[in-house]
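> Here you go, query.cif (mmCIF, C-alpha atoms):
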```cif
data_data
#
loop_
_atom_site.label_atom_id
_atom_site.label_comp_id
_atom_site.auth_asym_id
_atom_site.auth_seq_id
_atom_site.Cartn_x
_atom_site.Cartn_y
_atom_site.Cartn_z
CA MET H 1 28.14 0.01 -17.80
CA THR H 2 24.59 1.24 -18.16
CA VAL H 3 23.96 0.66 -21.85
CA PRO H 4 24.58 -2.54 -23.84
CA PHE H 5 28.06 -3.28 -25.10
CA HIS H 6 27.34 -6.14 -27.53
CA HIS H 7 25.00 -5.21 -30.37
CA PRO H 8 23.19 -6.86 -33.28
CA ASP H 9 25.35 -6.59 -36.41
CA ASP H 10 24.56 -3.96 -39.03
CA GLN H 11 23.03 -6.56 -41.32
CA LEU H 12 20.32 -7.09 -38.70
CA LEU H 13 19.95 -3.37 -38.00
CA ILE H 14 19.55 -2.34 -41.64
CA GLY H 15 17.29 -5.36 -42.19
CA TYR H 16 15.13 -4.23 -39.28
CA ALA H 17 15.13 -0.59 -40.44
CA SER H 18 14.22 -1.45 -44.03
CA GLY H 19 11.60 -4.02 -43.07
CA GLN H 20 13.46 -6.78 -44.89
CA GLU H 21 14.10 -8.72 -41.68
CA ARG H 22 11.29 -11.05 -40.66
CA ALA H 23 9.30 -11.04 -37.43
CA GLY H 24 11.38 -13.50 -35.37
CA LYS H 25 14.70 -11.69 -35.44
CA SER H 26 12.90 -8.33 -35.54
CA LEU H 27 11.44 -9.17 -32.11
CA LEU H 28 14.95 -9.62 -30.71
CA VAL H 29 16.33 -6.51 -32.46
CA ALA H 30 13.38 -4.36 -31.35
CA THR H 31 13.73 -5.53 -27.74
CA HIS H 32 17.47 -4.79 -27.84
CA LEU H 33 16.58 -1.28 -29.11
CA ALA H 34 14.59 -0.68 -25.92
CA TYR H 35 17.84 -1.23 -24.01
CA CYS H 36 20.19 0.48 -26.47
CA PRO H 37 20.07 4.19 -27.37
CA ASP H 38 23.10 3.66 -29.63
CA CYS H 39 21.34 1.13 -31.85
CA ARG H 40 18.17 3.26 -31.88
CA GLN H 41 20.31 5.98 -33.42
CA ARG H 42 21.79 3.53 -35.95
CA VAL H 43 18.36 2.27 -36.95
CA ALA H 44 17.22 5.90 -37.39
CA SER H 45 20.20 6.46 -39.73
CA TYR H 46 19.24 3.41 -41.78
CA GLU H 47 15.60 4.53 -41.88
CA ALA H 48 16.81 7.89 -43.22
CA LEU H 49 18.76 6.02 -45.92
CA CYS H 50 15.57 4.15 -46.85
CA GLY H 51 13.71 7.48 -46.86
CA ASP H 52 16.24 8.75 -49.40
CA TRP H 53 15.73 5.61 -51.47
CA LEU H 54 11.96 6.13 -51.36
CA GLU H 55 12.44 9.72 -52.57
CA ALA H 56 14.65 8.49 -55.39
CA LEU H 57 12.13 6.01 -56.83
CA PRO H 58 11.29 7.02 -60.38
CA CYS H 59 7.62 7.90 -60.76
CA THR H 60 5.69 8.25 -63.96
CA ASP H 61 2.20 7.57 -62.72
CA HIS H 62 0.08 10.55 -61.78
CA ASP H 63 -3.28 10.15 -63.49
CA GLY H 64 -4.48 7.04 -61.71
CA LEU H 65 -3.51 8.56 -58.42
CA ASP H 66 -5.41 11.81 -59.02
CA ALA H 67 -8.55 9.69 -59.03
CA LEU H 68 -7.45 8.14 -55.75
CA LEU H 69 -6.88 11.59 -54.27
CA ASP H 70 -10.44 12.51 -55.25
CA ARG H 71 -11.75 9.35 -53.60
CA MET H 72 -9.87 10.14 -50.42
CA ASP H 73 -11.75 13.42 -50.02
CA GLY H 74 -14.65 11.87 -48.16
CA LEU H 75 -12.37 9.64 -46.13
CA LEU H 76 -10.55 12.60 -44.67
CA THR H 77 -13.79 14.01 -43.37
CA THR H 78 -14.90 10.85 -41.64
CA ALA H 79 -11.58 9.28 -40.63
CA ARG H 80 -10.71 9.37 -36.99
CA THR H 81 -7.62 8.12 -35.26
CA SER H 82 -8.31 4.92 -33.45
CA PRO H 83 -7.91 5.48 -29.72
CA GLU H 84 -4.39 4.88 -28.53
CA PRO H 85 -4.08 1.60 -26.68
CA ALA H 86 -4.01 2.18 -22.94
CA ALA H 87 -0.55 2.17 -21.42
CA ILE H 88 0.29 -1.25 -20.12
CA GLU H 89 0.21 -1.33 -16.36
CA PRO H 90 3.14 -3.41 -15.13
CA SER H 91 1.68 -6.36 -13.30
CA ALA H 92 2.26 -6.78 -9.58
CA ALA H 93 4.54 -9.73 -10.30
CA ASP H 94 6.66 -7.57 -12.61
CA ARG H 95 6.92 -4.85 -9.99
CA THR H 96 8.07 -7.15 -7.23
CA CYS H 97 10.81 -8.61 -9.39
CA GLY H 98 12.06 -5.06 -9.94
CA GLN H 99 13.13 -5.28 -13.54
CA LEU H 100 10.51 -5.12 -16.19
CA VAL H 101 11.12 -6.78 -19.55
CA PRO H 102 10.68 -4.00 -22.13
CA GLU H 103 8.34 -3.94 -25.09
CA PRO H 104 7.84 -5.38 -27.60
CA LEU H 105 8.84 -8.65 -25.92
CA ARG H 106 6.71 -8.04 -22.80
CA SER H 107 3.48 -8.28 -24.78
CA TRP H 108 4.58 -11.57 -26.29
CA LEU H 109 5.32 -13.23 -22.98
CA THR H 110 2.58 -14.92 -21.03
CA GLU H 111 4.05 -14.48 -17.54
CA PRO H 112 7.02 -12.86 -15.76
CA ILE H 113 10.32 -14.34 -16.89
CA ASP H 114 11.62 -15.33 -13.45
CA THR H 115 8.94 -17.74 -12.30
CA PRO H 116 10.20 -20.57 -10.07
CA THR H 117 11.99 -23.22 -12.08
CA ASP H 118 9.83 -25.98 -10.64
CA ASP H 119 6.43 -24.51 -11.48
CA GLY H 120 6.09 -26.29 -14.80
CA SER H 121 7.06 -23.36 -16.99
CA TRP H 122 10.70 -24.46 -17.25
CA ARG H 123 12.26 -27.66 -18.58
CA GLU H 124 15.70 -28.47 -17.17
CA ILE H 125 18.01 -29.57 -19.97
CA SER H 126 21.04 -30.03 -17.76
CA LYS H 127 21.91 -29.15 -14.21
CA GLY H 128 21.19 -25.45 -13.70
CA VAL H 129 20.10 -24.81 -17.30
CA TRP H 130 16.46 -24.52 -18.37
CA LEU H 131 14.45 -23.82 -21.51
CA SER H 132 11.07 -22.15 -21.13
CA ALA H 133 7.87 -23.99 -21.90
CA TRP H 134 6.94 -20.67 -23.55
CA GLU H 135 7.84 -21.00 -27.18
CA ARG H 136 6.83 -19.16 -30.34
CA THR H 137 7.76 -19.83 -33.91
CA LEU H 138 7.81 -16.63 -35.96
CA SER H 139 8.70 -16.71 -39.65
CA GLY H 140 10.76 -19.86 -39.21
CA THR H 141 12.60 -18.67 -36.12
CA THR H 142 11.98 -20.48 -32.85
CA THR H 143 11.82 -18.16 -29.86
CA ARG H 144 12.22 -19.34 -26.26
CA LEU H 145 13.81 -18.25 -23.00
CA LEU H 146 17.09 -19.79 -21.86
CA ARG H 147 17.94 -19.70 -18.17
CA MET H 148 21.34 -20.41 -16.66
CA ALA H 149 22.07 -20.62 -12.95
CA SER H 150 25.29 -19.01 -11.73
CA GLY H 151 28.22 -20.97 -13.14
CA ALA H 152 26.02 -23.50 -14.90
CA PRO H 153 27.27 -24.38 -18.39
CA VAL H 154 24.91 -24.84 -21.32
CA PRO H 155 25.58 -28.39 -22.50
CA ALA H 156 27.36 -29.00 -25.77
CA HIS H 157 25.03 -28.53 -28.69
CA ARG H 158 25.00 -28.13 -32.41
CA HIS H 159 22.85 -25.63 -34.26
CA THR H 160 22.22 -25.78 -37.97
CA ALA H 161 21.60 -22.05 -38.53
CA ASP H 162 21.82 -18.74 -36.67
CA GLU H 163 21.54 -18.66 -32.91
CA LEU H 164 20.90 -15.35 -31.10
CA LEU H 165 20.74 -14.51 -27.42
CA LEU H 166 19.53 -11.29 -25.77
CA VAL H 167 20.18 -10.91 -22.04
CA LEU H 168 17.05 -9.99 -20.08
CA ARG H 169 18.36 -10.69 -16.58
CA GLY H 170 21.78 -11.32 -15.05
CA ALA H 171 24.83 -12.07 -17.17
CA PHE H 172 26.56 -14.92 -18.96
CA ARG H 173 29.97 -15.52 -20.44
CA ASP H 174 31.27 -17.19 -23.57
CA GLU H 175 34.73 -17.40 -25.12
CA TYR H 176 34.28 -13.91 -26.61
CA GLY H 177 33.44 -12.11 -23.41
CA SER H 178 30.76 -11.28 -20.89
CA TYR H 179 27.17 -10.34 -21.71
CA GLY H 180 25.00 -8.22 -19.44
CA LEU H 181 21.55 -6.66 -19.58
CA GLY H 182 20.48 -5.87 -23.15
CA ASP H 183 23.56 -7.42 -24.77
CA VAL H 184 23.21 -9.55 -27.89
CA ALA H 185 25.28 -12.63 -28.75
CA HIS H 186 25.05 -13.90 -32.32
CA TYR H 187 26.45 -17.29 -33.31
CA VAL H 188 26.38 -18.32 -36.94
CA ALA H 189 25.70 -21.88 -38.04
CA ASP H 190 28.02 -24.66 -37.02
CA THR H 191 30.12 -22.61 -34.62
CA ASP H 192 31.15 -24.26 -31.40
CA HIS H 193 30.74 -22.04 -28.44
CA TYR H 194 30.13 -22.39 -24.78
CA ALA H 195 27.91 -20.32 -22.50
CA ARG H 196 27.85 -20.23 -18.73
CA GLY H 197 25.79 -18.26 -16.23
CA ALA H 198 28.01 -15.48 -14.85
CA SER H 199 25.85 -13.59 -12.38
CA GLU H 200 24.71 -14.28 -8.85
CA GLU H 201 21.09 -14.40 -9.97
CA ASP H 202 20.01 -16.72 -12.78
CA CYS H 203 20.81 -15.36 -16.24
CA ILE H 204 17.68 -15.29 -18.39
CA CYS H 205 17.92 -14.67 -22.13
CA LEU H 206 15.64 -14.43 -25.11
CA PHE H 207 16.88 -17.33 -27.21
CA LEU H 208 16.37 -17.46 -30.99
CA LEU H 209 17.14 -20.31 -33.32
CA ASP H 210 16.69 -20.40 -37.07
CA GLY H 211 17.33 -24.09 -37.49
CA ASP H 212 17.40 -27.13 -35.26
CA LEU H 213 19.11 -27.38 -31.92
CA ILE H 214 20.68 -30.75 -31.17
CA PHE H 215 22.13 -31.42 -27.74
CA LEU H 216 25.13 -33.72 -27.76
CA ASP H 217 26.25 -36.34 -25.27
CA GLU H 218 29.78 -36.54 -23.88
CA ASP H 219 31.00 -38.27 -27.01
CA GLY H 220 29.51 -35.59 -29.24
CA ASN H 221 26.63 -37.76 -30.41
CA PRO H 222 23.13 -36.32 -30.69
CA LEU H 223 21.01 -37.05 -27.63
CA MET T 1 -13.79 20.24 -53.23
CA PRO T 2 -11.85 17.40 -54.86
CA PHE T 3 -8.14 17.80 -54.42
CA SER T 4 -7.17 17.36 -58.04
CA ARG T 5 -8.79 20.68 -58.90
CA GLU T 6 -7.14 22.51 -56.07
CA PRO T 7 -4.00 24.46 -56.85
CA HIS T 8 -0.59 22.98 -56.11
CA VAL T 9 1.27 24.55 -53.29
CA PRO T 10 3.87 26.70 -55.05
CA GLY T 11 7.31 25.20 -55.15
CA THR T 12 6.26 21.76 -54.00
CA LEU T 13 6.36 20.05 -57.33
CA ASP T 14 7.98 20.79 -60.64
CA LYS T 15 5.73 20.60 -63.66
CA ASP T 16 7.36 17.33 -64.70
CA GLY T 17 7.03 15.95 -61.20
CA ALA T 18 10.76 15.81 -60.63
CA SER T 19 10.83 17.74 -57.43
CA GLY T 20 13.86 18.14 -55.29
CA PRO T 21 13.14 16.87 -51.80
CA ASP T 22 12.84 19.89 -49.59
CA ALA T 23 12.54 18.81 -46.00
CA ASP T 24 11.47 22.20 -44.71
CA GLN T 25 8.82 22.60 -47.37
CA PHE T 26 7.30 19.17 -46.65
CA GLY T 27 7.66 19.68 -42.92
CA GLY T 28 5.63 22.88 -43.29
CA LEU T 29 2.95 20.99 -45.20
CA VAL T 30 2.72 18.28 -42.53
CA HIS T 31 2.52 21.01 -39.91
CA ALA T 32 -0.34 22.67 -41.83
CA VAL T 33 -2.19 19.35 -41.97
CA ALA T 34 -1.69 18.81 -38.25
CA GLN T 35 -2.61 22.33 -37.15
CA ASN T 36 -5.28 23.39 -39.64
CA ARG T 37 -6.50 20.17 -41.26
CA ASP T 38 -5.24 21.87 -44.43
CA ARG T 39 -6.45 19.84 -47.42
CA THR T 40 -4.40 21.83 -49.92
CA ALA T 41 -1.28 20.95 -48.01
CA PHE T 42 -2.42 17.33 -47.85
CA ALA T 43 -2.97 17.28 -51.62
CA ALA T 44 0.56 18.60 -52.17
CA LEU T 45 1.96 15.87 -49.92
CA PHE T 46 -0.16 13.30 -51.76
CA ARG T 47 1.07 14.42 -55.18
CA HIS T 48 4.67 14.12 -54.07
CA PHE T 49 4.58 10.94 -52.03
CA ALA T 50 1.69 8.84 -53.38
CA PRO T 51 3.48 7.87 -56.64
CA LYS T 52 6.56 6.89 -54.65
CA ILE T 53 4.58 4.77 -52.20
CA LEU T 54 2.82 3.16 -55.18
CA GLN T 55 6.16 2.29 -56.82
CA TYR T 56 7.52 0.98 -53.53
CA CYS T 57 4.55 -1.36 -53.04
CA LEU T 58 4.53 -2.52 -56.67
CA ARG T 59 8.22 -3.35 -56.51
CA LEU T 60 7.68 -5.33 -53.33
CA GLY T 61 5.17 -7.52 -55.10
CA ALA T 62 1.79 -5.85 -54.58
CA ASP T 63 -0.66 -5.91 -57.48
CA ARG T 64 -1.98 -2.55 -58.70
CA SER T 65 -5.17 -2.51 -56.65
CA THR T 66 -3.44 -3.65 -53.44
CA ALA T 67 -0.74 -1.03 -54.03
CA GLU T 68 -3.41 1.67 -54.40
CA GLU T 69 -5.08 0.51 -51.20
CA LEU T 70 -1.72 0.76 -49.46
CA VAL T 71 -1.17 4.27 -50.84
CA GLN T 72 -4.57 5.27 -49.47
CA ASP T 73 -3.83 3.64 -46.14
CA VAL T 74 -0.42 5.33 -45.80
CA MET T 75 -1.71 8.76 -46.86
CA LEU T 76 -4.65 8.46 -44.49
CA THR T 77 -2.16 7.76 -41.71
CA VAL T 78 -0.24 10.88 -42.76
CA TRP T 79 -3.50 12.83 -42.45
CA LEU T 80 -4.42 11.36 -39.07
CA LYS T 81 -0.98 11.26 -37.48
CA ALA T 82 0.47 14.49 -38.85
CA GLY T 83 0.57 15.83 -35.28
CA SER T 84 3.04 13.12 -34.26
CA PHE T 85 5.57 14.03 -36.97
CA ASP T 86 8.72 15.40 -35.34
CA PRO T 87 11.04 17.28 -37.72
CA ALA T 88 13.85 16.92 -35.20
CA GLN T 89 13.70 13.13 -35.54
CA ALA T 90 13.33 12.58 -39.27
CA THR T 91 12.56 14.16 -42.62
CA VAL T 92 9.04 13.82 -43.98
CA GLY T 93 10.35 11.34 -46.56
CA THR T 94 11.78 9.12 -43.83
CA TRP T 95 8.60 9.38 -41.78
CA VAL T 96 6.48 8.42 -44.78
CA PHE T 97 8.85 5.53 -45.51
CA THR T 98 8.40 4.11 -41.99
CA ILE T 99 4.61 4.28 -42.31
CA ALA T 100 4.71 2.60 -45.74
CA ARG T 101 7.11 -0.05 -44.45
CA ASN T 102 4.90 -0.94 -41.49
CA ARG T 103 1.73 -1.03 -43.59
CA ARG T 104 3.14 -3.23 -46.30
CA ILE T 105 4.61 -5.71 -43.79
CA ASP T 106 1.17 -5.91 -42.25
CA ARG T 107 -0.65 -6.21 -45.57
CA LEU T 108 1.71 -8.04 -47.93
CA ARG T 109 3.43 -10.28 -45.43
CA LYS T 110 0.59 -10.67 -42.93
CA GLU T 111 3.08 -10.11 -40.16
CA MET T 112 3.15 -7.71 -37.29
CA ARG T 113 6.32 -5.65 -37.04
CA PRO T 114 7.74 -5.76 -33.51
CA ALA T 115 8.80 -2.28 -32.36
CA PRO T 116 9.81 -0.71 -29.07
CA ASP T 117 7.24 1.50 -27.37
CA PRO T 118 8.70 4.99 -26.73
CA ASP T 119 6.40 5.41 -23.71
CA ASP T 120 7.48 2.12 -22.14
CA PRO T 121 8.76 2.71 -18.59
CA ALA T 122 11.17 -0.19 -19.12
CA MET T 123 12.90 1.54 -22.05
CA ILE T 124 16.41 2.73 -21.22
CA PRO T 125 16.70 6.42 -22.16
CA ALA T 126 19.86 7.82 -23.73
CA SER T 127 20.19 10.06 -20.67
CA LEU T 128 21.12 7.03 -18.55
CA ALA T 129 24.37 6.53 -20.44
CA THR T 130 27.60 7.65 -18.81
CA PRO T 131 29.39 10.65 -20.39
CA GLU T 132 31.92 8.23 -21.86
CA GLU T 133 29.17 6.07 -23.36
CA THR T 134 27.44 9.16 -24.72
CA ALA T 135 30.66 10.28 -26.39
CA GLN T 136 31.02 6.82 -27.92
CA MET T 137 27.44 6.95 -29.21
CA VAL T 138 28.00 10.34 -30.82
CA GLN T 139 31.14 8.99 -32.45
CA SER T 140 29.41 5.79 -33.56
CA SER T 141 26.59 7.80 -35.11
CA ARG T 142 29.00 10.12 -36.91
CA GLN T 143 31.04 7.19 -38.21
CA LEU T 144 27.92 5.54 -39.58
CA GLN T 145 26.85 8.75 -41.33
CA ASP T 146 30.32 9.02 -42.87
CA ALA T 147 30.19 5.37 -43.90
CA ILE T 148 26.79 5.77 -45.54
CA GLU T 149 27.94 8.87 -47.42
CA THR T 150 31.16 7.25 -48.64
CA LEU T 151 29.67 3.95 -49.82
CA ALA T 152 30.78 3.12 -53.35
CA GLU T 153 27.94 3.63 -55.82
CA ASN T 154 27.76 -0.03 -56.83
CA GLN T 155 27.79 -1.19 -53.19
CA SER T 156 25.05 1.25 -52.25
CA GLU T 157 22.98 -0.05 -55.17
CA VAL T 158 23.32 -3.68 -54.05
CA LEU T 159 22.40 -2.63 -50.52
CA ARG T 160 19.34 -0.75 -51.83
CA ARG T 161 18.14 -3.66 -53.91
CA SER T 162 18.80 -6.21 -51.20
CA TYR T 163 17.21 -4.40 -48.23
CA PHE T 164 14.89 -1.75 -49.63
CA LEU T 165 13.55 -3.72 -52.60
CA GLU T 166 14.13 -7.14 -50.97
CA GLN T 167 15.59 -8.65 -54.12
CA THR T 168 17.45 -11.94 -53.92
CA HIS T 169 21.10 -12.05 -54.95
CA GLU T 170 20.00 -13.84 -58.14
CA GLU T 171 17.46 -11.14 -58.99
CA ILE T 172 20.05 -8.41 -58.42
CA ALA T 173 22.53 -10.21 -60.67
CA GLU T 174 19.96 -10.49 -63.43
CA ASP T 175 18.63 -6.92 -63.17
CA THR T 176 22.03 -5.26 -62.97
CA GLU T 177 23.71 -7.67 -65.39
CA VAL T 178 26.63 -8.53 -63.17
CA PRO T 179 27.78 -12.02 -62.11
CA LEU T 180 26.22 -13.48 -58.97
CA GLY T 181 29.62 -13.65 -57.27
CA THR T 182 30.10 -9.92 -57.82
CA VAL T 183 26.72 -9.17 -56.22
CA LYS T 184 27.67 -11.17 -53.15
CA THR T 185 31.08 -9.51 -52.95
CA ARG T 186 29.60 -6.02 -53.23
CA LEU T 187 27.04 -6.75 -50.53
CA ARG T 188 29.71 -8.13 -48.22
CA LEU T 189 31.92 -5.08 -48.86
CA ALA T 190 28.99 -2.71 -48.28
CA LEU T 191 28.12 -4.33 -44.94
CA SER T 192 31.70 -4.40 -43.76
CA HIS T 193 32.00 -0.72 -44.74
CA LEU T 194 29.01 0.09 -42.52
CA LYS T 195 29.95 -2.21 -39.70
CA ARG T 196 30.61 -0.54 -36.42
CA SER T 197 34.27 -0.62 -35.59
CA MET T 198 35.99 -0.71 -32.22
CA ARG T 199 32.91 -1.09 -30.06
CA ASP T 200 32.22 -4.77 -30.50
CA LYS T 201 33.86 -8.03 -31.30
CA PRO T 202 35.06 -8.36 -34.90
#
```
Could the structure of this file be written out as structure tokens, please?

Amino acid sequence: MTVPFHHPDDQLLIGYASGQERAGKSLLVATHLAYCPDCRQRVASYEALCGDWLEALPCTDHDGLDALLDRMDGLLTTARTSPEPAAIEPSAADRTCGQLVPEPLRSWLTEPIDTPTDDGSWREISKGVWLSAWERTLSGTTTRLLRMASGAPVPAHRHTADELLLVLRGAFRDEYGSYGLGDVAHYVADTDHYARGASEEDCICLFLLDGDLIFLDEDGNPL
Amino acid sequence: MPFSREPHVPGTLDKDGASGPDADQFGGLVHAVAQNRDRTAFAALFRHFAPKILQYCLRLGADRSTAEELVQDVMLTVWLKAGSFDPAQATVGTWVFTIARNRRIDRLRKEMRPAPDPDDPAMIPASLATPEETAQMVQSSRQLQDAIETLAENQSEVLRRSYFLEQTHEEIAEDTEVPLGTVKTRLRLALSHLKRSMRDKP
């Protein structure tokens, strides 16, 4: 398998294509697209649908815009494209770890994703499972990295809204199947599910939460 | 010379403004802008697309002056980036939509839109897929096209209002004069009609 098998649902893809989806989930969808030629094609189809909808908008207003066209005359003479941003040179650390996290996520991260787990950038939440100190909240969605050592189970938890995972390294397993590089797992609110590292190397995922995450003790009580 | 006194490009617009989208015609105009900095071609593109961009921005909550600024911004991008338009990838209408979408997210929502970088060395190209995966992708793409074309009119309309115009279910119910439950049902049916089959978990 060279391309992802588990994809964002079409609600996310059309939301991303139309611009209706907000920044948090768009970051995960866009990073999945870098891994997934199939979903790039699907998003292009939805963009074409939106293009048709744009064409179909009823228009009655021409006069006001003729004045704007006149005003743009001078702009066209002076406007220049801003220089393209220089291509990002993969850092030495990225090169040595062999697999580069694709854009747009790479620009959001502050360091390579596989730093040692004892260097202060990871918080162990149970044996062999870590959450990154790196955390961003975008449009109400909390974005972190989740790291699972081989065979390590994510402890029981409850989430009050959507939870999404995108595999950036290694693989994990849940009751629905196995998730490898670029795969997306989407759990809706109040679903019970388990996750367990399923690769020799640590599995590292982009981890999105809309609501709160509450870890539970052995009796199912919030910790 | 101001554009409004320049002649229309023949065939681009009907007198009443109700033009039929003609991808080749618009593609030729974008090409003329890219190659020759052709202002007549630009004016024809402006006359066709500017009112649509204006309507799009107004419906997404921009006031008139912000909407006009967005129209100017989008059309200036068309002028500057005409050389990057690829007719093999999209129609001009779709290309203009993506520019308008990105600009209004930036301006109206004050958010940056995350997007993959086509020049990123970490991006996985379609050519890396196995022949079997490629066949599946072709099939998936064809199925989605079929699904889009066979959407029931009322489901397509709910989809359009929900995603393109970003209306809430309540707003859709009010505007289209159907019960809220019907709006939700139609949206659910539309999404399940589009949903990829076979390739992923149900």
> Contacts between range 199-211 of chain H and range 12-81 of chain H, please, where a residue of range 12-81 of chain H counts if it comes within 10 Å (with all atoms listed in the file); show its shortest atom pair and distance in Å to one decimal, rows by chain and ascending number, as CSV.

```
residue,atom,partner,partner_atom,distance
H:Gly24,CA,H:Leu208,CA,7.7
H:Lys25,CA,H:Leu208,CA,7.5
H:Leu27,CA,H:Leu208,CA,9.7
H:Leu28,CA,H:Leu206,CA,7.4
H:Thr31,CA,H:Leu206,CA,9.5
```
> Got a sec: who's within 6 Å of Glu47 in chain H, counting all atoms listed in the file, leaving out chain neighbours fewer than 3 positions off, as a list of chain:residue names?
H:Ala17, H:Ala44, H:Cys50
> Output C-alpha atoms of each residue in that selection to a file, as a tab-separated table (two decimals), in the frame of the given file.

```tsv
chain	number	residue	atom	x	y	z
H	17	ALA	CA	15.13	-0.59	-40.44
H	44	ALA	CA	17.22	5.90	-37.39
H	50	CYS	CA	15.57	4.15	-46.85
```
> Where does the PyMOL selection byres ((chain H) within 6 of (chain T)) land in this file, that is, which residues does it pick, as a list in words?
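Those residues are Thr2, His6, Asp10, Ser18, Gln20, Leu27, Ala30, Ala34, Tyr35, Pro37, Asp38, Ala48, Gly51, Cys59, Asp66, Asp70, Thr81, Leu100, Pro102, Glu103 and Pro104 of chain H.
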> Contacts of range 176-192 of chain H at 8 Å or less, counting all atoms listed in the file, minus same-chain residues fewer than 3 places along, as a ChimeraX atom specification?
/H:3-8,32,35-36,157-173,198 /T:201
> Quote the spacing between CA of Gly19 in chain H and CA of Leu108 in chain T in Å to one decimal place.
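A separation of 11.7 Å between them.
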> Enter the distance from CA of Ala149 in chain H to CA of Ser121 in chain H, in Å, rounded to one decimal.
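Computing it gives 15.8 Å between the two atoms.
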> Name all residues at most 10 Å from range 124-127 of chain H (count only C-alpha atoms; drop same-chain ones fewer than 5 positions away) and give them as a list in words.
Thr117, Asp118, Ser132, Leu146, Arg147, Met148, Ala149, Ala152, Pro153, Val154, Pro155 and Phe215 of chain H
> Using all atoms listed in the file, can you tell me which of H:Tyr16, H:Leu54, H:Asp119, H:Val43 comes closest to Cys57 in chain T?
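Going through H:Tyr16, H:Leu54, H:Asp119, H:Val43 one by one, the smallest distance to Cys57 in chain T is for H:Leu54.
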> Rounded to one decimal, what separation in Å do you get between CA of Val183 in chain T and CA of Cys39 in chain H?
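CA of Val183 in chain T sits 27.0 Å away from CA of Cys39 in chain H.
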